[in-house]
Structure formats: structure tokens, C-alpha cells
Amino acid sequence: MPKLVLTYFDFDGSRGEAARLAMHLAGISFEDRRIATSDWARLRDTTPYQSLPMLEVDGKVVAQSNAINRYVGKLAGLYPKDDWQAALVDELMDAVEDISGRIGSTFALEGEAKKKAREALAAGSIAHFLKQFEARLASAGGEWFAENRLTVADLKCFLWVRWLRSGALDHIPANLVDEQAPLLAKHLERVANHPKIAAYYAARGK
Ligand SMILES: N[C@@H](CCC(=O)N[C@@H](CS)C(=O)NCC(=O)O)C(=O)O
């Protein structure tokens with residue numbers, strides 16, 4: 001196994017977390033380098049695209065969360081070998097990036113402008129993506145997004161849905177997931193209750 005160092009911000013979610021979970025699930029040892037947001041300005045230009053996560057593999061660097069998820073997913077046995085199943089995993093992970101980016105663009109807004117943008121997203125793109133993810137899940141058998149087993153796609157979706165459902169996003173109702181996509185809410189519980197994932201967050205006090 002190569003020497004792995006995953007660099008991401010010091011929180012238990014978003015773009016760096018699926019790779020952490022995948023390595024944890026597979027028992028792959030890695031350095032979990034968590035950086036303080038106060039250090040970010042200094043580190044920004046040392047990363048390939050001025051963003052995190054990034055993964056060092058025997059001293060070489062790869063960036064972009066989904067590239068990292070695929071690479072780590074292969075090491076962890078959580079990425080399909082079958083090309084079609086792999087394409088389903090890729091589709092889901094890229095779609096989560098699309099909708100996360102749309103939500104992310106509202107962070108720069110304030111006051112009424114933020115409220116309007118978030119309410120429009122909740123009623124529009126977020127509702128649409130939730131229903132689409134649910135349809136994809138249903139067509140893959142209802143439990144997992146590909147291969148009838150947990151893959152990095154399930155981890156990526158779980159983290160996004162958990163974020164939406166946490167109520168952390170002003171003007172986006174925490175009950176949107178349950179209202180729009182009950183199958184996805186069940187999927188979240190399925191992933192959260194995976195014994196190793198539940199134990200991981202319990203150990204982190206989350
Ligand atoms: N497409 C990139 C997006 C990366 C990204 O925007 N990461 C955020 C953290 S989740 C970041 O680095 N923000 C700091 C900044 O943009 O200055 C990926 O999937 O890795």
C-alpha cells in the first residue's frame with residue numbers, strides 16, 4: 001500500500017470526508033492531515049487548484065474530490081470494476097458536485113439576496129436533484145447506487161444529504177430531504193448505521 005496523506009479542512013463532512021470514510025472502512029492506514037481554516041490562505045497556492053481536498057500518494061499529489069474518491073475507492077474495494085457500474089458511481093458523484101457547487105455559490109451572498117437564492121434553490125435545483133438521486137437509487141435496486149453494495153457513491157451522497165438534513169443551511173428546510181426523497185432519507189440511515197461508520201463517528205464524538 002502506498003503512503004497516503006489526505007489533506008482537508010478540520011471538519012467531518014463535505015468534499016474530503018468520503019475518502020476518509022472509504023479508507024477507514026477498508027482499514028487503510030493514512031495520515032489524516034486536517035488543516036485549520038486560519039492556515040488556508042498560506043496553503044492555498046501550494047495546492048494544484050487552490051482548493052482541498054488533496055491526496056499525496058508516495059509523495060505525488062492528486063486533487064479534485066471525485067478523482068480522489070475513485071482512486072481511494074479502488075484501493076478500498078469500494079469502486080466497481082465493471083465499467084457500467086463504475087459509470088453509475090461517477091455520475092452520482094459528479095451530480096453531487098454540481099448541486100453542491102450551486103449551493104456553494106450562495107455562501108458569498110448576504111441577507112435578502114441569500115434568502116431569495118436559497119429559497120429558489122430549495123424549490124428548484126435541490127428538489128430536482130433529490131428526486132433524481134432517489135430515482136437513480138430506485139433503479140439500482142433501492143438500497144445502494146451501484147452493484148447492490150456500498151461504494152464511494154453512497155458515501156458521497158450520504159455526506160451531502162446529511163449536510164442538507166442537518167439544518168445548517170439557512171433558508172433550506174431541514175425536512176426537504178424527507179419530504180422530497182424519503183428513499184434517500186432511508187439511504188442516509190443505512191449508511192450512517194453501517195457498523196464501522198457509526199463507530200467512527202461515535203469515536204469522534206459526532
Ligand atoms: N471541484 C473541487 C472543489 C474543491 C473545493 O471547492 N473545495 C473547497 C472546500 S470543500 C475549498 O477548497 N474551498 C476553499 C477555497 O475555495 O478557497 C473538488 O471536488 O475537489
# chains A, B, ... in the order shown; residues from 1 in each chain; ligands from 1
call {"tool": "residues_around", "arguments": {"residues": "stretch 71-83 of chain A", "least_positions_apart": "5", "cutoff": "8 Å", "atoms": "only C-alpha atoms", "output": "JSON, numbers by chain"}}
result
{"A": [19, 22, 23, 25, 26, 28, 89, 146, 147, 150, 151, 152]}
call {"tool": "select_by_dssp", "arguments": {"residues": "stretch 5-34 of chain A", "states": "strand (DSSP E or B)", "output": "list in words"}}
result
Val5, Leu6, Thr7, Tyr8, Phe9, Glu31, Asp32, Arg33 and Arg34 of chain A
call {"tool": "write_last_selection", "arguments": {"atoms": "all heavy atoms", "output": "mmCIF file, in the first residue's frame"}}
result
data_model
loop_
_atom_site.group_PDB
_atom_site.id
_atom_site.type_symbol
_atom_site.label_atom_id
_atom_site.label_comp_id
_atom_site.auth_asym_id
_atom_site.auth_seq_id
_atom_site.Cartn_x
_atom_site.Cartn_y
_atom_site.Cartn_z
ATOM 1 N N VAL A 5 -1.453 10.522 2.342
ATOM 2 C CA VAL A 5 -1.722 11.679 3.211
ATOM 3 C C VAL A 5 -2.898 12.439 2.601
ATOM 4 O O VAL A 5 -2.802 12.943 1.473
ATOM 5 C CB VAL A 5 -0.503 12.628 3.299
ATOM 6 C CG1 VAL A 5 -0.806 13.799 4.244
ATOM 7 C CG2 VAL A 5 0.744 11.893 3.753
ATOM 8 N N LEU A 6 -3.998 12.491 3.328
ATOM 9 C CA LEU A 6 -5.165 13.236 2.836
ATOM 10 C C LEU A 6 -5.208 14.582 3.551
ATOM 11 O O LEU A 6 -5.260 14.624 4.783
ATOM 12 C CB LEU A 6 -6.458 12.460 3.112
ATOM 13 C CG LEU A 6 -7.713 13.148 2.596
ATOM 14 C CD1 LEU A 6 -7.815 13.034 1.067
ATOM 15 C CD2 LEU A 6 -8.968 12.550 3.232
ATOM 16 N N THR A 7 -5.175 15.658 2.774
ATOM 17 C CA THR A 7 -5.245 16.990 3.379
ATOM 18 C C THR A 7 -6.631 17.581 3.116
ATOM 19 O O THR A 7 -7.082 17.646 1.965
ATOM 20 C CB THR A 7 -4.169 17.927 2.779
ATOM 21 O OG1 THR A 7 -2.900 17.310 2.938
ATOM 22 C CG2 THR A 7 -4.153 19.274 3.488
ATOM 23 N N TYR A 8 -7.258 17.985 4.188
ATOM 24 C CA TYR A 8 -8.587 18.614 4.074
ATOM 25 C C TYR A 8 -8.823 19.480 5.313
ATOM 26 O O TYR A 8 -8.035 19.452 6.257
ATOM 27 C CB TYR A 8 -9.691 17.544 3.934
ATOM 28 C CG TYR A 8 -11.013 18.146 3.507
ATOM 29 C CD1 TYR A 8 -11.105 18.865 2.322
ATOM 30 C CD2 TYR A 8 -12.140 18.035 4.315
ATOM 31 C CE1 TYR A 8 -12.296 19.457 1.934
ATOM 32 C CE2 TYR A 8 -13.343 18.618 3.928
ATOM 33 C CZ TYR A 8 -13.402 19.327 2.743
ATOM 34 O OH TYR A 8 -14.573 19.929 2.375
ATOM 35 N N PHE A 9 -9.894 20.240 5.275
ATOM 36 C CA PHE A 9 -10.213 21.084 6.425
ATOM 37 C C PHE A 9 -10.637 20.218 7.615
ATOM 38 O O PHE A 9 -11.051 19.066 7.443
ATOM 39 C CB PHE A 9 -11.314 22.084 6.061
ATOM 40 C CG PHE A 9 -10.867 23.052 5.005
ATOM 41 C CD1 PHE A 9 -11.276 22.905 3.690
ATOM 42 C CD2 PHE A 9 -9.985 24.078 5.315
ATOM 43 C CE1 PHE A 9 -10.840 23.787 2.702
ATOM 44 C CE2 PHE A 9 -9.535 24.955 4.342
ATOM 45 C CZ PHE A 9 -9.966 24.810 3.036
ATOM 46 N N GLU A 31 -2.430 9.275 6.688
ATOM 47 C CA GLU A 31 -2.336 10.446 7.563
ATOM 48 C C GLU A 31 -3.512 11.354 7.257
ATOM 49 O O GLU A 31 -3.694 11.781 6.108
ATOM 50 C CB GLU A 31 -1.012 11.182 7.330
ATOM 51 C CG GLU A 31 -0.841 12.357 8.288
ATOM 52 C CD GLU A 31 0.399 13.190 8.011
ATOM 53 O OE1 GLU A 31 1.354 12.659 7.414
ATOM 54 O OE2 GLU A 31 0.397 14.382 8.366
ATOM 55 N N ASP A 32 -4.306 11.619 8.265
ATOM 56 C CA ASP A 32 -5.493 12.459 8.119
ATOM 57 C C ASP A 32 -5.073 13.892 8.483
ATOM 58 O O ASP A 32 -5.216 14.316 9.624
ATOM 59 C CB ASP A 32 -6.574 11.941 9.076
ATOM 60 C CG ASP A 32 -7.910 12.629 8.876
ATOM 61 O OD1 ASP A 32 -8.048 13.410 7.915
ATOM 62 O OD2 ASP A 32 -8.829 12.361 9.688
ATOM 63 N N ARG A 33 -4.536 14.597 7.481
ATOM 64 C CA ARG A 33 -3.997 15.938 7.768
ATOM 65 C C ARG A 33 -5.138 16.953 7.702
ATOM 66 O O ARG A 33 -5.648 17.264 6.626
ATOM 67 C CB ARG A 33 -2.898 16.288 6.762
ATOM 68 C CG ARG A 33 -2.126 17.533 7.128
ATOM 69 C CD ARG A 33 -0.998 17.802 6.146
ATOM 70 N NE ARG A 33 0.130 16.906 6.279
ATOM 71 C CZ ARG A 33 1.048 16.712 5.335
ATOM 72 N NH1 ARG A 33 0.954 17.348 4.178
ATOM 73 N NH2 ARG A 33 2.050 15.879 5.534
ATOM 74 N N ARG A 34 -5.513 17.428 8.873
ATOM 75 C CA ARG A 34 -6.650 18.357 8.971
ATOM 76 C C ARG A 34 -6.105 19.751 9.193
ATOM 77 O O ARG A 34 -5.422 19.987 10.179
ATOM 78 C CB ARG A 34 -7.569 17.951 10.140
ATOM 79 C CG ARG A 34 -8.284 16.640 9.878
ATOM 80 C CD ARG A 34 -8.986 16.127 11.118
ATOM 81 N NE ARG A 34 -9.746 14.929 10.800
ATOM 82 C CZ ARG A 34 -11.078 14.890 10.693
ATOM 83 N NH1 ARG A 34 -11.792 15.974 10.933
ATOM 84 N NH2 ARG A 34 -11.689 13.772 10.372
#
call {"tool": "closest_atom_pairs", "arguments": {"of": "chain A", "to": "ligand 1", "cutoff": "10 Å", "atoms": "only C-alpha atoms and all ligand atoms", "output": "CSV"}}
result
residue,atom,partner,partner_atom_place_in_ligand_line,distance
A:Tyr8,CA,ligand 1,9 (C),7.7
A:Phe9,CA,ligand 1,9 (C),7.3
A:Phe11,CA,ligand 1,10 (S),10.0
A:Gly13,CA,ligand 1,10 (S),8.7
A:Ser14,CA,ligand 1,10 (S),5.7
A:Arg15,CA,ligand 1,10 (S),4.9
A:Gly16,CA,ligand 1,10 (S),7.1
A:Glu17,CA,ligand 1,10 (S),9.5
A:Thr37,CA,ligand 1,14 (C),8.7
A:Trp40,CA,ligand 1,17 (O),7.4
A:Ala41,CA,ligand 1,17 (O),7.8
A:Leu43,CA,ligand 1,17 (O),9.8
A:Arg44,CA,ligand 1,17 (O),6.9
A:Asp45,CA,ligand 1,17 (O),9.8
A:Thr47,CA,ligand 1,12 (O),9.1
A:Tyr49,CA,ligand 1,4 (C),8.0
A:Gln50,CA,ligand 1,17 (O),6.4
A:Ser51,CA,ligand 1,12 (O),3.2
A:Leu52,CA,ligand 1,12 (O),4.0
A:Pro53,CA,ligand 1,20 (O),5.5
A:Met54,CA,ligand 1,20 (O),7.6
A:Val62,CA,ligand 1,20 (O),10.0
A:Ala63,CA,ligand 1,20 (O),6.3
A:Gln64,CA,ligand 1,20 (O),3.5
A:Ser65,CA,ligand 1,20 (O),3.8
A:Asn66,CA,ligand 1,19 (O),5.9
A:Ala67,CA,ligand 1,19 (O),8.0
A:Ile68,CA,ligand 1,20 (O),8.3
A:Asn69,CA,ligand 1,19 (O),9.6
A:Met93,CA,ligand 1,19 (O),9.4
A:Asp94,CA,ligand 1,19 (O),8.6
A:Val96,CA,ligand 1,19 (O),9.6
A:Glu97,CA,ligand 1,19 (O),6.5
A:Asp98,CA,ligand 1,1 (N),9.1
A:Ser100,CA,ligand 1,10 (S),9.2
A:Gly101,CA,ligand 1,6 (O),7.8
A:Gly104,CA,ligand 1,6 (O),8.3
call {"tool": "write_last_selection", "arguments": {"atoms": "N, CA and C atoms", "output": "mmCIF file, in the first residue's frame"}}
result
data_model
loop_
_atom_site.group_PDB
_atom_site.id
_atom_site.type_symbol
_atom_site.label_atom_id
_atom_site.label_comp_id
_atom_site.auth_asym_id
_atom_site.auth_seq_id
_atom_site.Cartn_x
_atom_site.Cartn_y
_atom_site.Cartn_z
ATOM 1 N N TYR A 8 -7.258 17.985 4.188
ATOM 2 C CA TYR A 8 -8.587 18.614 4.074
ATOM 3 C C TYR A 8 -8.823 19.480 5.313
ATOM 4 N N PHE A 9 -9.894 20.240 5.275
ATOM 5 C CA PHE A 9 -10.213 21.084 6.425
ATOM 6 C C PHE A 9 -10.637 20.218 7.615
ATOM 7 N N PHE A 11 -13.079 19.452 9.410
ATOM 8 C CA PHE A 11 -14.459 19.136 9.773
ATOM 9 C C PHE A 11 -14.872 17.815 9.163
ATOM 10 N N GLY A 13 -17.104 16.430 7.247
ATOM 11 C CA GLY A 13 -18.101 16.409 6.184
ATOM 12 C C GLY A 13 -17.501 16.946 4.916
ATOM 13 N N SER A 14 -18.379 17.165 3.933
ATOM 14 C CA SER A 14 -18.044 17.774 2.650
ATOM 15 C C SER A 14 -17.027 16.976 1.827
ATOM 16 N N ARG A 15 -16.234 17.687 1.020
ATOM 17 C CA ARG A 15 -15.539 17.016 -0.084
ATOM 18 C C ARG A 15 -14.403 16.074 0.315
ATOM 19 N N GLY A 16 -13.840 16.259 1.480
ATOM 20 C CA GLY A 16 -12.736 15.377 1.871
ATOM 21 C C GLY A 16 -13.181 14.151 2.651
ATOM 22 N N GLU A 17 -14.444 14.161 3.058
ATOM 23 C CA GLU A 17 -14.859 13.157 4.048
ATOM 24 C C GLU A 17 -15.112 11.770 3.445
ATOM 25 N N THR A 37 -8.805 26.498 9.180
ATOM 26 C CA THR A 37 -9.157 27.476 8.129
ATOM 27 C C THR A 37 -8.228 28.695 8.193
ATOM 28 N N TRP A 40 -5.395 28.386 5.806
ATOM 29 C CA TRP A 40 -5.722 28.165 4.399
ATOM 30 C C TRP A 40 -5.068 29.189 3.459
ATOM 31 N N ALA A 41 -5.093 30.458 3.833
ATOM 32 C CA ALA A 41 -4.531 31.494 2.943
ATOM 33 C C ALA A 41 -3.073 31.181 2.618
ATOM 34 N N LEU A 43 -1.692 28.152 2.620
ATOM 35 C CA LEU A 43 -1.529 26.874 1.903
ATOM 36 C C LEU A 43 -2.140 26.862 0.506
ATOM 37 N N ARG A 44 -3.051 27.800 0.278
ATOM 38 C CA ARG A 44 -3.871 27.799 -0.935
ATOM 39 C C ARG A 44 -3.056 27.571 -2.211
ATOM 40 N N ASP A 45 -2.006 28.343 -2.376
ATOM 41 C CA ASP A 45 -1.240 28.272 -3.621
ATOM 42 C C ASP A 45 -0.297 27.076 -3.686
ATOM 43 N N THR A 47 -1.592 24.108 -3.380
ATOM 44 C CA THR A 47 -2.463 23.016 -3.849
ATOM 45 C C THR A 47 -2.647 23.150 -5.367
ATOM 46 N N TYR A 49 -5.186 23.189 -7.439
ATOM 47 C CA TYR A 49 -6.254 24.070 -7.967
ATOM 48 C C TYR A 49 -6.750 25.062 -6.920
ATOM 49 N N GLN A 50 -5.893 25.412 -6.000
ATOM 50 C CA GLN A 50 -6.254 26.348 -4.926
ATOM 51 C C GLN A 50 -7.489 25.867 -4.180
ATOM 52 N N SER A 51 -7.550 24.570 -3.984
ATOM 53 C CA SER A 51 -8.694 24.017 -3.249
ATOM 54 C C SER A 51 -8.298 22.698 -2.603
ATOM 55 N N LEU A 52 -9.101 22.268 -1.656
ATOM 56 C CA LEU A 52 -8.951 20.970 -0.996
ATOM 57 C C LEU A 52 -10.236 20.179 -1.214
ATOM 58 N N PRO A 53 -10.145 18.847 -1.167
ATOM 59 C CA PRO A 53 -9.052 18.016 -0.670
ATOM 60 C C PRO A 53 -7.928 17.807 -1.686
ATOM 61 N N MET A 54 -6.781 17.340 -1.139
ATOM 62 C CA MET A 54 -5.750 16.766 -1.998
ATOM 63 C C MET A 54 -5.180 15.538 -1.298
ATOM 64 N N VAL A 62 -2.530 14.219 -5.943
ATOM 65 C CA VAL A 62 -3.713 14.256 -6.810
ATOM 66 C C VAL A 62 -4.775 15.103 -6.103
ATOM 67 N N ALA A 63 -5.489 15.917 -6.900
ATOM 68 C CA ALA A 63 -6.531 16.786 -6.342
ATOM 69 C C ALA A 63 -7.876 16.414 -6.958
ATOM 70 N N GLN A 64 -8.879 17.169 -6.602
ATOM 71 C CA GLN A 64 -10.276 17.005 -7.037
ATOM 72 C C GLN A 64 -10.920 15.822 -6.302
ATOM 73 N N SER A 65 -11.953 16.159 -5.542
ATOM 74 C CA SER A 65 -12.540 15.168 -4.632
ATOM 75 C C SER A 65 -12.950 13.880 -5.336
ATOM 76 N N ASN A 66 -13.543 13.973 -6.515
ATOM 77 C CA ASN A 66 -14.037 12.736 -7.126
ATOM 78 C C ASN A 66 -12.908 11.893 -7.714
ATOM 79 N N ALA A 67 -11.843 12.551 -8.177
ATOM 80 C CA ALA A 67 -10.668 11.784 -8.614
ATOM 81 C C ALA A 67 -10.088 11.037 -7.411
ATOM 82 N N ILE A 68 -10.045 11.733 -6.279
ATOM 83 C CA ILE A 68 -9.547 11.107 -5.045
ATOM 84 C C ILE A 68 -10.480 9.972 -4.617
ATOM 85 N N ASN A 69 -11.783 10.216 -4.705
ATOM 86 C CA ASN A 69 -12.736 9.170 -4.305
ATOM 87 C C ASN A 69 -12.582 7.916 -5.168
ATOM 88 N N MET A 93 -21.546 10.832 -8.249
ATOM 89 C CA MET A 93 -20.584 11.695 -7.542
ATOM 90 C C MET A 93 -20.449 13.048 -8.249
ATOM 91 N N ASP A 94 -20.478 13.042 -9.578
ATOM 92 C CA ASP A 94 -20.373 14.316 -10.309
ATOM 93 C C ASP A 94 -21.633 15.154 -10.121
ATOM 94 N N VAL A 96 -23.508 15.163 -7.467
ATOM 95 C CA VAL A 96 -23.424 15.755 -6.118
ATOM 96 C C VAL A 96 -22.531 16.995 -6.164
ATOM 97 N N GLU A 97 -21.438 16.923 -6.954
ATOM 98 C CA GLU A 97 -20.585 18.111 -7.112
ATOM 99 C C GLU A 97 -21.365 19.269 -7.743
ATOM 100 N N ASP A 98 -22.156 18.962 -8.784
ATOM 101 C CA ASP A 98 -22.947 20.019 -9.451
ATOM 102 C C ASP A 98 -23.835 20.762 -8.462
ATOM 103 N N SER A 100 -23.758 20.693 -5.187
ATOM 104 C CA SER A 100 -23.008 21.315 -4.081
ATOM 105 C C SER A 100 -22.448 22.658 -4.533
ATOM 106 N N GLY A 101 -21.987 22.718 -5.787
ATOM 107 C CA GLY A 101 -21.450 23.975 -6.318
ATOM 108 C C GLY A 101 -22.518 25.058 -6.372
ATOM 109 N N GLY A 104 -22.992 26.139 -2.942
ATOM 110 C CA GLY A 104 -21.772 26.845 -2.524
ATOM 111 C C GLY A 104 -21.753 28.286 -3.003
#
call {"tool": "atom_distance", "arguments": {"atom1": "atom CA of A:Gly59", "atom2": "atom CA of A:Pro2"}}
result
9.3 Å
call {"tool": "residues_around", "arguments": {"residues": "A:Leu88", "least_positions_apart": "3", "cutoff": "9 Å", "atoms": "only C-alpha atoms", "output": "ChimeraX atom specification"}}
result
/A:83-85,91-93,136,145-146,153
call {"tool": "atom_distance", "arguments": {"atom1": "atom CA of A:Ile103", "atom2": "atom CA of A:Arg149"}}
result
28.6 Å
call {"tool": "closest_atom_pairs", "arguments": {"of": "stretch 89-149 of chain A", "to": "stretch 164-184 of chain A", "cutoff": "9 Å", "atoms": "only C-alpha atoms", "output": "JSON lines"}}
result
{"residue": "A:Lys114", "atom": "CA", "partner": "A:His171", "partner_atom": "CA", "distance": 8.3}
{"residue": "A:Lys115", "atom": "CA", "partner": "A:His171", "partner_atom": "CA", "distance": 5.9}
{"residue": "A:Lys116", "atom": "CA", "partner": "A:His171", "partner_atom": "CA", "distance": 8.4}
{"residue": "A:Ala117", "atom": "CA", "partner": "A:His171", "partner_atom": "CA", "distance": 9.0}
{"residue": "A:Arg118", "atom": "CA", "partner": "A:His171", "partner_atom": "CA", "distance": 5.8}
{"residue": "A:Glu119", "atom": "CA", "partner": "A:His171", "partner_atom": "CA", "distance": 6.0}
{"residue": "A:Leu121", "atom": "CA", "partner": "A:Ile172", "partner_atom": "CA", "distance": 8.2}
{"residue": "A:Ala122", "atom": "CA", "partner": "A:Ile172", "partner_atom": "CA", "distance": 5.8}
{"residue": "A:Ile126", "atom": "CA", "partner": "A:Leu176", "partner_atom": "CA", "distance": 8.8}
{"residue": "A:Ala127", "atom": "CA", "partner": "A:Gln180", "partner_atom": "CA", "distance": 6.5}
{"residue": "A:His128", "atom": "CA", "partner": "A:Gln180", "partner_atom": "CA", "distance": 8.8}
{"residue": "A:Leu130", "atom": "CA", "partner": "A:Ala181", "partner_atom": "CA", "distance": 5.9}
{"residue": "A:Lys131", "atom": "CA", "partner": "A:Ala181", "partner_atom": "CA", "distance": 5.8}
{"residue": "A:Gln132", "atom": "CA", "partner": "A:Ala181", "partner_atom": "CA", "distance": 8.9}
{"residue": "A:Phe133", "atom": "CA", "partner": "A:Leu184", "partner_atom": "CA", "distance": 7.5}
{"residue": "A:Glu134", "atom": "CA", "partner": "A:Leu184", "partner_atom": "CA", "distance": 5.7}
{"residue": "A:Ala135", "atom": "CA", "partner": "A:Ala181", "partner_atom": "CA", "distance": 9.0}
{"residue": "A:Leu137", "atom": "CA", "partner": "A:Leu184", "partner_atom": "CA", "distance": 7.8}
{"residue": "A:Ala138", "atom": "CA", "partner": "A:Leu183", "partner_atom": "CA", "distance": 7.9}
{"residue": "A:Gly142", "atom": "CA", "partner": "A:Leu183", "partner_atom": "CA", "distance": 7.4}
{"residue": "A:Glu143", "atom": "CA", "partner": "A:Leu183", "partner_atom": "CA", "distance": 8.4}
call {"tool": "write_last_selection", "arguments": {"atoms": "C-alpha atoms", "output": "mmCIF file, in the first residue's frame"}}
result
data_model
loop_
_atom_site.group_PDB
_atom_site.id
_atom_site.type_symbol
_atom_site.label_atom_id
_atom_site.label_comp_id
_atom_site.auth_asym_id
_atom_site.auth_seq_id
_atom_site.Cartn_x
_atom_site.Cartn_y
_atom_site.Cartn_z
ATOM 1 C CA LYS A 114 -29.052 34.901 0.144
ATOM 2 C CA LYS A 115 -32.570 34.117 1.336
ATOM 3 C CA LYS A 116 -34.026 34.514 -2.158
ATOM 4 C CA ALA A 117 -31.269 32.451 -3.787
ATOM 5 C CA ARG A 118 -31.509 29.652 -1.212
ATOM 6 C CA GLU A 119 -35.311 29.513 -1.334
ATOM 7 C CA LEU A 121 -32.614 26.527 -4.926
ATOM 8 C CA ALA A 122 -34.642 24.609 -2.357
ATOM 9 C CA ILE A 126 -32.166 20.914 -4.859
ATOM 10 C CA ALA A 127 -35.653 19.424 -5.043
ATOM 11 C CA HIS A 128 -34.911 18.280 -8.586
ATOM 12 C CA LEU A 130 -33.092 14.977 -4.629
ATOM 13 C CA LYS A 131 -35.822 13.415 -6.759
ATOM 14 C CA GLN A 132 -33.309 12.421 -9.413
ATOM 15 C CA PHE A 133 -30.972 10.814 -6.868
ATOM 16 C CA GLU A 134 -33.943 8.954 -5.474
ATOM 17 C CA ALA A 135 -34.895 7.744 -8.969
ATOM 18 C CA LEU A 137 -31.266 4.784 -6.256
ATOM 19 C CA ALA A 138 -34.607 3.125 -7.017
ATOM 20 C CA GLY A 142 -33.365 0.910 -3.843
ATOM 21 C CA GLU A 143 -30.561 0.334 -1.336
#
